[in-house]
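Student: Dropping in upload.cif, which is mmCIF, C-alpha atoms (C1' of nucleotides):
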data_start
#
loop_
_atom_site.label_atom_id
_atom_site.label_comp_id
_atom_site.auth_asym_id
_atom_site.auth_seq_id
_atom_site.Cartn_x
_atom_site.Cartn_y
_atom_site.Cartn_z
CA MET A 679 99.23 -21.49 -83.26
CA ARG A 680 100.11 -23.39 -80.13
CA ASN A 681 98.35 -21.03 -77.79
CA LEU A 682 94.82 -19.98 -78.67
CA GLN A 683 93.32 -16.69 -77.62
CA HIS A 684 90.30 -16.72 -75.35
CA PRO A 685 88.76 -13.55 -73.90
CA GLY A 686 88.55 -13.36 -70.14
CA ARG A 687 85.25 -13.70 -68.36
CA GLU A 688 84.98 -9.96 -67.78
CA GLN A 689 85.66 -9.21 -71.41
CA LEU A 690 82.65 -11.12 -72.71
CA ASP A 691 80.58 -8.75 -74.82
CA LEU A 692 76.84 -9.31 -75.08
CA PRO A 693 76.38 -8.13 -78.69
CA ALA A 694 79.31 -10.30 -79.79
CA VAL A 695 77.84 -13.32 -78.00
CA LEU A 696 74.41 -12.77 -79.52
CA TYR A 697 75.94 -12.28 -82.93
CA ALA A 698 77.91 -15.50 -82.66
CA LEU A 699 74.73 -17.34 -81.73
CA SER A 700 72.71 -15.82 -84.57
CA ASP A 701 74.19 -18.10 -87.22
CA PRO A 702 72.40 -21.47 -87.59
CA THR A 703 75.62 -23.42 -88.05
CA ARG A 704 77.22 -21.89 -84.97
CA LEU A 705 74.04 -22.38 -82.96
CA GLU A 706 74.07 -26.03 -83.93
CA ILE A 707 77.67 -26.35 -82.79
CA VAL A 708 76.77 -24.84 -79.44
CA ARG A 709 73.76 -27.14 -79.09
CA ARG A 710 75.90 -30.21 -79.62
CA LEU A 711 78.56 -29.04 -77.24
CA ALA A 712 75.86 -28.46 -74.64
CA ALA A 713 74.43 -31.91 -75.21
CA ASP A 714 77.56 -33.97 -75.62
CA GLY A 715 80.31 -32.04 -73.83
CA GLU A 716 83.79 -31.73 -75.23
CA ARG A 717 84.23 -32.59 -78.91
CA ALA A 718 86.88 -32.29 -81.60
CA CYS A 719 86.20 -30.01 -84.55
CA GLY A 720 85.85 -32.81 -87.08
CA THR A 721 83.18 -34.76 -85.19
CA PHE A 722 80.17 -32.57 -85.90
CA GLY A 723 79.15 -34.02 -89.25
CA LEU A 724 78.18 -30.61 -90.59
CA SER A 725 78.00 -30.03 -94.30
CA ALA A 726 80.39 -27.08 -94.54
CA THR A 727 84.03 -27.41 -95.56
CA LYS A 728 86.90 -27.56 -93.10
CA ALA A 729 87.76 -23.94 -93.80
CA THR A 730 84.23 -22.74 -93.12
CA LEU A 731 83.92 -24.72 -89.92
CA SER A 732 87.27 -23.45 -88.74
CA HIS A 733 85.95 -19.94 -89.29
CA HIS A 734 82.82 -20.62 -87.24
CA PHE A 735 84.84 -22.10 -84.39
CA LYS A 736 87.01 -19.03 -84.44
CA VAL A 737 84.00 -16.73 -84.19
CA LEU A 738 82.64 -18.74 -81.27
CA ARG A 739 86.03 -18.79 -79.56
CA GLU A 740 86.65 -15.06 -79.95
CA ALA A 741 83.17 -14.27 -78.65
CA GLY A 742 84.02 -16.35 -75.58
CA LEU A 743 81.38 -19.01 -76.11
CA ILE A 744 83.75 -21.94 -76.42
CA GLN A 745 87.23 -22.79 -75.37
CA THR A 746 89.59 -24.92 -77.39
CA ARG A 747 92.13 -27.28 -75.92
CA VAL A 748 94.93 -28.55 -78.12
CA GLU A 749 95.88 -32.18 -77.66
CA GLY A 750 98.03 -33.79 -80.26
CA VAL A 751 96.51 -33.33 -83.64
CA HIS A 752 93.05 -32.53 -82.30
CA ARG A 753 91.35 -29.41 -80.97
CA TYR A 754 88.82 -30.23 -78.31
CA ASN A 755 86.09 -27.64 -77.94
CA SER A 756 83.85 -27.12 -74.97
CA LEU A 757 81.22 -24.62 -73.92
CA ARG A 758 82.29 -21.98 -71.38
CA LYS A 759 79.14 -22.62 -69.39
CA GLN A 760 80.35 -21.22 -66.12
CA ASP A 761 81.84 -18.03 -67.54
CA LEU A 762 78.69 -17.42 -69.55
CA GLU A 763 76.45 -18.08 -66.57
CA ALA A 764 78.49 -15.75 -64.39
CA ARG A 765 78.43 -12.93 -66.90
CA PHE A 766 75.00 -13.43 -68.49
CA PRO A 767 72.87 -15.43 -66.05
CA GLY A 768 70.24 -17.59 -67.66
CA LEU A 769 71.13 -16.56 -71.19
CA LEU A 770 72.68 -19.77 -72.45
CA LYS A 771 69.97 -21.90 -70.95
CA ALA A 772 67.26 -19.75 -72.52
CA VAL A 773 68.92 -19.90 -75.92
CA LEU A 774 69.36 -23.65 -75.77
CA LYS A 775 65.80 -24.15 -74.67
CA ALA A 776 64.56 -21.82 -77.41
CA SER A 777 66.61 -23.61 -80.05
CA GLY A 778 64.44 -26.68 -79.76
CA PRO A 779 64.57 -30.11 -78.13
CA CYS A 780 67.92 -31.83 -77.99
CA MET B 106 52.53 1.75 -95.82
CA ARG B 107 49.37 1.93 -93.79
CA ASN B 108 49.59 -1.65 -92.62
CA LEU B 109 52.88 -2.82 -91.20
CA GLN B 110 54.04 -6.40 -91.43
CA HIS B 111 54.60 -8.32 -88.23
CA PRO B 112 55.47 -12.01 -88.15
CA GLY B 113 53.13 -14.24 -86.20
CA ARG B 114 54.14 -15.71 -82.88
CA GLU B 115 54.84 -19.11 -84.42
CA GLN B 116 57.00 -17.59 -87.12
CA LEU B 117 59.52 -16.08 -84.74
CA ASP B 118 62.95 -17.34 -85.68
CA LEU B 119 65.62 -17.63 -83.02
CA PRO B 120 68.65 -16.75 -85.19
CA ALA B 121 66.81 -13.71 -86.54
CA VAL B 122 65.91 -12.59 -83.01
CA LEU B 123 69.48 -13.04 -81.78
CA TYR B 124 70.81 -11.23 -84.80
CA ALA B 125 68.46 -8.30 -84.26
CA LEU B 126 69.65 -8.06 -80.66
CA SER B 127 73.33 -8.23 -81.59
CA ASP B 128 73.53 -4.60 -82.69
CA PRO B 129 74.21 -2.11 -79.87
CA THR B 130 71.78 0.48 -81.23
CA ARG B 131 68.98 -2.04 -81.54
CA LEU B 132 69.74 -3.49 -78.14
CA GLU B 133 69.48 0.00 -76.68
CA ILE B 134 66.11 0.51 -78.35
CA VAL B 135 64.86 -2.76 -76.85
CA ARG B 136 66.18 -1.79 -73.43
CA ARG B 137 64.30 1.49 -73.47
CA LEU B 138 61.11 -0.12 -74.68
CA ALA B 139 61.42 -2.62 -71.87
CA ALA B 140 61.95 0.13 -69.33
CA ASP B 141 59.51 2.77 -70.54
CA GLY B 142 56.88 0.88 -72.53
CA GLU B 143 55.45 2.21 -75.74
CA ARG B 144 57.37 4.98 -77.45
CA ALA B 145 57.40 6.81 -80.77
CA CYS B 146 60.43 6.38 -83.00
CA GLY B 147 61.66 9.94 -82.55
CA THR B 148 61.81 9.89 -78.78
CA PHE B 149 64.90 7.79 -78.26
CA GLY B 150 67.50 10.52 -78.46
CA LEU B 151 69.91 8.29 -80.30
CA SER B 152 72.67 9.80 -82.37
CA ALA B 153 71.89 8.09 -85.69
CA THR B 154 69.93 9.75 -88.46
CA LYS B 155 66.23 9.19 -89.10
CA ALA B 156 67.01 6.85 -91.97
CA THR B 157 69.33 4.70 -89.89
CA LEU B 158 66.89 4.49 -87.01
CA SER B 159 64.08 3.61 -89.37
CA HIS B 160 66.23 0.79 -90.66
CA HIS B 161 66.87 -0.53 -87.14
CA PHE B 162 63.18 -0.39 -86.26
CA LYS B 163 62.44 -2.33 -89.42
CA VAL B 164 64.93 -5.05 -88.48
CA LEU B 165 63.44 -5.31 -85.00
CA ARG B 166 59.91 -5.39 -86.40
CA GLU B 167 60.64 -8.04 -88.99
CA ALA B 168 62.39 -10.21 -86.42
CA GLY B 169 59.24 -9.98 -84.31
CA LEU B 170 60.79 -8.16 -81.38
CA ILE B 171 58.63 -5.08 -81.56
CA GLN B 172 55.27 -4.13 -82.92
CA THR B 173 54.48 -0.76 -84.41
CA ARG B 174 51.14 0.96 -84.11
CA VAL B 175 50.36 3.84 -86.44
CA GLU B 176 48.52 6.76 -84.91
CA GLY B 177 48.38 9.97 -86.84
CA VAL B 178 51.85 11.01 -87.78
CA HIS B 179 53.55 8.85 -85.15
CA ARG B 180 54.58 5.22 -85.02
CA TYR B 181 54.34 3.86 -81.52
CA ASN B 182 56.65 0.93 -80.87
CA SER B 183 56.33 -1.63 -78.12
CA LEU B 184 58.08 -4.84 -77.17
CA ARG B 185 56.27 -8.08 -77.99
CA LYS B 186 57.00 -9.40 -74.52
CA GLN B 187 54.29 -12.01 -74.40
CA ASP B 188 54.97 -13.46 -77.83
CA LEU B 189 58.66 -13.62 -77.07
CA GLU B 190 58.10 -15.21 -73.70
CA ALA B 191 55.74 -17.78 -75.20
CA ARG B 192 58.16 -18.74 -77.95
CA PHE B 193 61.51 -18.27 -76.20
CA PRO B 194 60.88 -18.49 -72.44
CA GLY B 195 63.30 -16.49 -70.35
CA LEU B 196 65.29 -15.22 -73.29
CA LEU B 197 64.27 -11.58 -73.27
CA LYS B 198 64.67 -11.30 -69.53
CA ALA B 199 68.14 -12.84 -69.67
CA VAL B 200 69.22 -10.50 -72.46
CA LEU B 201 67.91 -7.43 -70.65
CA LYS B 202 69.58 -8.49 -67.44
CA ALA B 203 72.82 -9.17 -69.26
CA SER B 204 72.73 -5.82 -71.02
CA GLY B 205 73.31 -4.00 -67.76
CA PRO B 206 71.30 -2.11 -65.17
CA CYS B 207 68.40 -0.06 -66.39
"C1'" DT C 450 45.56 25.03 -99.20
"C1'" DC C 451 50.08 25.42 -97.63
"C1'" DC C 452 53.45 24.10 -94.34
"C1'" DA C 453 55.90 21.78 -90.64
"C1'" DT C 454 56.45 17.25 -88.50
"C1'" DT C 455 57.26 12.34 -88.51
"C1'" DG C 456 58.89 8.51 -90.46
"C1'" DT C 457 59.85 5.48 -94.80
"C1'" DT C 458 62.18 4.47 -99.07
"C1'" DT C 459 65.77 4.80 -102.42
"C1'" DG C 460 70.39 4.87 -103.96
"C1'" DA C 461 74.94 4.91 -102.85
"C1'" DC C 462 79.13 3.82 -100.33
"C1'" DG C 463 82.54 1.40 -97.48
"C1'" DA C 464 83.05 -2.27 -94.31
"C1'" DC C 465 82.40 -6.68 -93.05
"C1'" DA C 466 80.87 -11.76 -93.31
"C1'" DA C 467 80.19 -16.46 -95.18
"C1'" DT C 468 81.99 -19.57 -98.20
"C1'" DC C 469 85.30 -22.24 -100.80
"C1'" DG C 470 89.79 -24.30 -102.73
"C1'" DA C 471 94.47 -24.45 -102.05
"C1'" DA C 472 98.48 -24.09 -99.43
"C1'" DC C 473 100.35 -24.62 -95.01
"C1'" DA C 474 101.50 -26.31 -90.11
"C1'" DA C 475 101.58 -29.62 -86.35
"C1'" DC C 476 101.45 -34.03 -84.96
"C1'" DA C 477 101.26 -39.43 -84.74
"C1'" DG C 478 102.56 -43.73 -86.59
"C1'" DG C 479 104.96 -46.56 -89.34
"C1'" DC D 1246 112.13 -39.57 -92.68
"C1'" DC D 1247 107.78 -40.11 -95.16
"C1'" DT D 1248 102.81 -40.20 -95.05
"C1'" DG D 1249 98.16 -39.53 -93.63
"C1'" DT D 1250 95.22 -36.88 -90.40
"C1'" DT D 1251 93.50 -32.68 -88.37
"C1'" DG D 1252 92.79 -28.21 -88.41
"C1'" DT D 1253 94.37 -23.21 -89.59
"C1'" DT D 1254 95.43 -19.53 -92.80
"C1'" DC D 1255 95.41 -17.19 -97.27
"C1'" DG D 1256 93.27 -15.24 -101.29
"C1'" DA D 1257 89.28 -14.52 -103.78
"C1'" DT D 1258 84.43 -14.15 -104.50
"C1'" DT D 1259 79.94 -13.09 -103.43
"C1'" DG D 1260 76.64 -11.11 -100.74
"C1'" DT D 1261 74.90 -8.52 -96.76
"C1'" DC D 1262 75.00 -4.71 -93.24
"C1'" DG D 1263 75.21 -0.11 -91.21
"C1'" DT D 1264 75.17 4.43 -92.46
"C1'" DC D 1265 73.89 8.70 -94.65
"C1'" DA D 1266 71.62 12.36 -97.75
"C1'" DA D 1267 67.88 13.17 -100.53
"C1'" DA D 1268 63.38 12.41 -102.09
"C1'" DC D 1269 58.97 10.89 -100.81
"C1'" DA D 1270 54.47 9.96 -98.21
"C1'" DA D 1271 51.12 10.74 -94.61
"C1'" DT D 1272 49.24 13.43 -91.26
"C1'" DG D 1273 47.61 17.49 -88.58
"C1'" DG D 1274 47.35 22.28 -87.95
"C1'" DA D 1275 47.50 27.35 -89.34
#
Take the structure in the file and write it out as structure tokens.
Tutor:
Amino acid sequence: MRNLQHPGREQLDLPAVLYALSDPTRLEIVRRLAADGERACGTFGLSATKATLSHHFKVLREAGLIQTRVEGVHRYNSLRKQDLEARFPGLLKAVLKASGPC
Amino acid sequence: MRNLQHPGREQLDLPAVLYALSDPTRLEIVRRLAADGERACGTFGLSATKATLSHHFKVLREAGLIQTRVEGVHRYNSLRKQDLEARFPGLLKAVLKASGPC
DNA sequence: TCCATTGTTTGACGACAATCGAACAACAGG
DNA sequence: CCTGTTGTTCGATTGTCGTCAAACAATGGA
């Protein structure tokens, strides 16, 4: 549990990324990370339980959308903007723009 | 069955669009429509059965990605490029680019 | 009118996904 | 140590998805 798995930049899979983004809760997480930068899991104020949110973060992490840094008792999540831009140019920006004003 | 349902431009829903694109078979259909323009359902040479393909076309249609025109015994499908571009600027282009060379 | 073609619908099946409560693990501070 | 905090994992439930075969519908042509 100390070391979290993140796929490499070359392993990012487009269908998996699109699938991860197709859930409203996960899309909201990504929007906030894009707007506010790094955040701990518990600071999103979403209405799901801890277990459900942990599941969504896992889906996002395994799809390569976010990376999670462990520091003490917290997990700080951030968007993998550069990896995503390198692999899928313009995609993240288009999705964020399409998801409405921040 | 004569008149097919297509959502209006304003009704296009981003999670639904991303979900529709997150299946490899459906993504391939979209890629070919983008490359070749209008095509009948049976001309894609995909390995799934008629029933499965019909299901995928329905998902794409109901998400607003394609429109289907009935002519005789054929259903001609085309990408709703302009509606998609109006609602989600840059998204389709980024997805197509990310999905590999045509 | 009969038949072949094209695509949809139905019903079924197995696999997977979203959700939750409860138990667990790791850590920080007293 | 003990305790509270933060987040993960487990087990179970409920629902959805992708897939297929079979039946059906609509059309055009022989």
Student: Calculate how many Å separate CA of Leu774 (chain A) from CA of Glu190 (chain B), rounding to one decimal.
Tutor: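 Distance reported for this atom pair: 14.2 Å.
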Student: What is the distance between CA of Arg753 (chain A) and CA of Thr721 (chain A), in Å to one decimal?
Tutor: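 So the answer is 10.6 Å.
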Student: I need the residue nearest chain B from this list: A:Arg739, A:Arg710, A:Lys771, A:Arg687. Use all atoms listed in the file for the distance.
Tutor: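 Once distances to chain B are computed over all atoms listed in the file, the minimum belongs to A:Lys771.
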Student: With a cut-off of 7 Å and counting all atoms listed in the file, select all residues of chain B in contact with chain D and give the selection as a ChimeraX atom specification.
Tutor: /B:157,177-178
Student: Chain C near chain B within 9 Å: what's each residue's closest atom pair and its distance in Å to one decimal, counting all atoms listed in the file, ordered by chain then ascending residue number, as CSV?
Tutor:
residue,atom,partner,partner_atom,distance
C:DT454,C1',B:Val178,CA,7.8
C:DT455,C1',B:Val178,CA,5.6
C:DG456,C1',B:Ser159,CA,7.2
C:DT457,C1',B:Ser159,CA,7.1
C:DT458,C1',B:Ala156,CA,8.9
Student: Could you list, as a ChimeraX atom specification, every residue of chain A that has an atom within 7 Å of an atom of chain B, counting only C-alpha atoms?
Tutor: /A:692-694,696-697,699-702,766-769,772-773,776-777
Student: I need the output of the PyMOL selection byres ((chain B and resi 135) around 9) for this file as a list in words; which residues are they?
Tutor: Leu126, Thr130, Arg131, Leu132, Glu133, Ile134, Arg136, Arg137, Leu138, Ala139, Ala140, Leu165, Leu170, Ile171, Ser183, Leu184 and Leu201 of chain B
Student: Could you state the separation of CA of Gln116 (chain B) and CA of Pro779 (chain A) in Å, given to one decimal place?
Tutor: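 Separation of CA of Gln116 (chain B) and CA of Pro779 (chain A): 17.2 Å.
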Student: Could you list the residues chosen by the PyMOL selection byres ((chain B and resi 111) around 7) in this structure as a count of residues only?
Tutor: 8
Student: Can you complete the atoms of region 743-754 of chain A to N, CA, C and O atoms and list them as a PDB file, in the coordinates of the input?
Tutor:
ATOM      1  N   LEU A 743      82.365 -17.972 -76.339  1.00  0.00           N
ATOM      2  CA  LEU A 743      81.380 -19.010 -76.110  1.00  0.00           C
ATOM      3  C   LEU A 743      81.997 -20.377 -75.890  1.00  0.00           C
ATOM      4  O   LEU A 743      81.470 -21.193 -75.137  1.00  0.00           O
ATOM      5  N   ILE A 744      83.111 -20.632 -76.570  1.00  0.00           N
ATOM      6  CA  ILE A 744      83.750 -21.940 -76.420  1.00  0.00           C
ATOM      7  C   ILE A 744      85.220 -21.749 -76.067  1.00  0.00           C
ATOM      8  O   ILE A 744      85.794 -20.679 -76.279  1.00  0.00           O
ATOM      9  N   GLN A 745      85.795 -22.799 -75.533  1.00  0.00           N
ATOM     10  CA  GLN A 745      87.230 -22.790 -75.370  1.00  0.00           C
ATOM     11  C   GLN A 745      87.788 -24.021 -76.077  1.00  0.00           C
ATOM     12  O   GLN A 745      87.121 -25.045 -76.191  1.00  0.00           O
ATOM     13  N   THR A 746      88.998 -23.876 -76.568  1.00  0.00           N
ATOM     14  CA  THR A 746      89.590 -24.920 -77.390  1.00  0.00           C
ATOM     15  C   THR A 746      90.883 -25.386 -76.758  1.00  0.00           C
ATOM     16  O   THR A 746      91.758 -24.582 -76.441  1.00  0.00           O
ATOM     17  N   ARG A 747      90.966 -26.673 -76.552  1.00  0.00           N
ATOM     18  CA  ARG A 747      92.130 -27.280 -75.920  1.00  0.00           C
ATOM     19  C   ARG A 747      92.852 -28.092 -76.981  1.00  0.00           C
ATOM     20  O   ARG A 747      92.254 -28.901 -77.685  1.00  0.00           O
ATOM     21  N   VAL A 748      94.142 -27.842 -77.120  1.00  0.00           N
ATOM     22  CA  VAL A 748      94.930 -28.550 -78.120  1.00  0.00           C
ATOM     23  C   VAL A 748      95.507 -29.807 -77.498  1.00  0.00           C
ATOM     24  O   VAL A 748      96.130 -29.748 -76.437  1.00  0.00           O
ATOM     25  N   GLU A 749      95.287 -30.930 -78.149  1.00  0.00           N
ATOM     26  CA  GLU A 749      95.880 -32.180 -77.660  1.00  0.00           C
ATOM     27  C   GLU A 749      96.273 -33.005 -78.864  1.00  0.00           C
ATOM     28  O   GLU A 749      95.416 -33.511 -79.578  1.00  0.00           O
ATOM     29  N   GLY A 750      97.549 -33.094 -79.071  1.00  0.00           N
ATOM     30  CA  GLY A 750      98.030 -33.790 -80.260  1.00  0.00           C
ATOM     31  C   GLY A 750      97.548 -33.089 -81.500  1.00  0.00           C
ATOM     32  O   GLY A 750      97.695 -31.882 -81.641  1.00  0.00           O
ATOM     33  N   VAL A 751      96.941 -33.870 -82.373  1.00  0.00           N
ATOM     34  CA  VAL A 751      96.510 -33.330 -83.640  1.00  0.00           C
ATOM     35  C   VAL A 751      95.068 -32.800 -83.575  1.00  0.00           C
ATOM     36  O   VAL A 751      94.566 -32.253 -84.537  1.00  0.00           O
ATOM     37  N   HIS A 752      94.447 -32.926 -82.419  1.00  0.00           N
ATOM     38  CA  HIS A 752      93.050 -32.530 -82.300  1.00  0.00           C
ATOM     39  C   HIS A 752      92.893 -31.221 -81.544  1.00  0.00           C
ATOM     40  O   HIS A 752      93.760 -30.834 -80.753  1.00  0.00           O
ATOM     41  N   ARG A 753      91.756 -30.565 -81.758  1.00  0.00           N
ATOM     42  CA  ARG A 753      91.350 -29.410 -80.970  1.00  0.00           C
ATOM     43  C   ARG A 753      90.030 -29.770 -80.311  1.00  0.00           C
ATOM     44  O   ARG A 753      89.042 -29.973 -81.008  1.00  0.00           O
ATOM     45  N   TYR A 754      90.037 -29.879 -79.011  1.00  0.00           N
ATOM     46  CA  TYR A 754      88.820 -30.230 -78.310  1.00  0.00           C
ATOM     47  C   TYR A 754      88.118 -28.972 -77.845  1.00  0.00           C
ATOM     48  O   TYR A 754      88.688 -28.141 -77.130  1.00  0.00           O
TER      49      TYR A 754
END
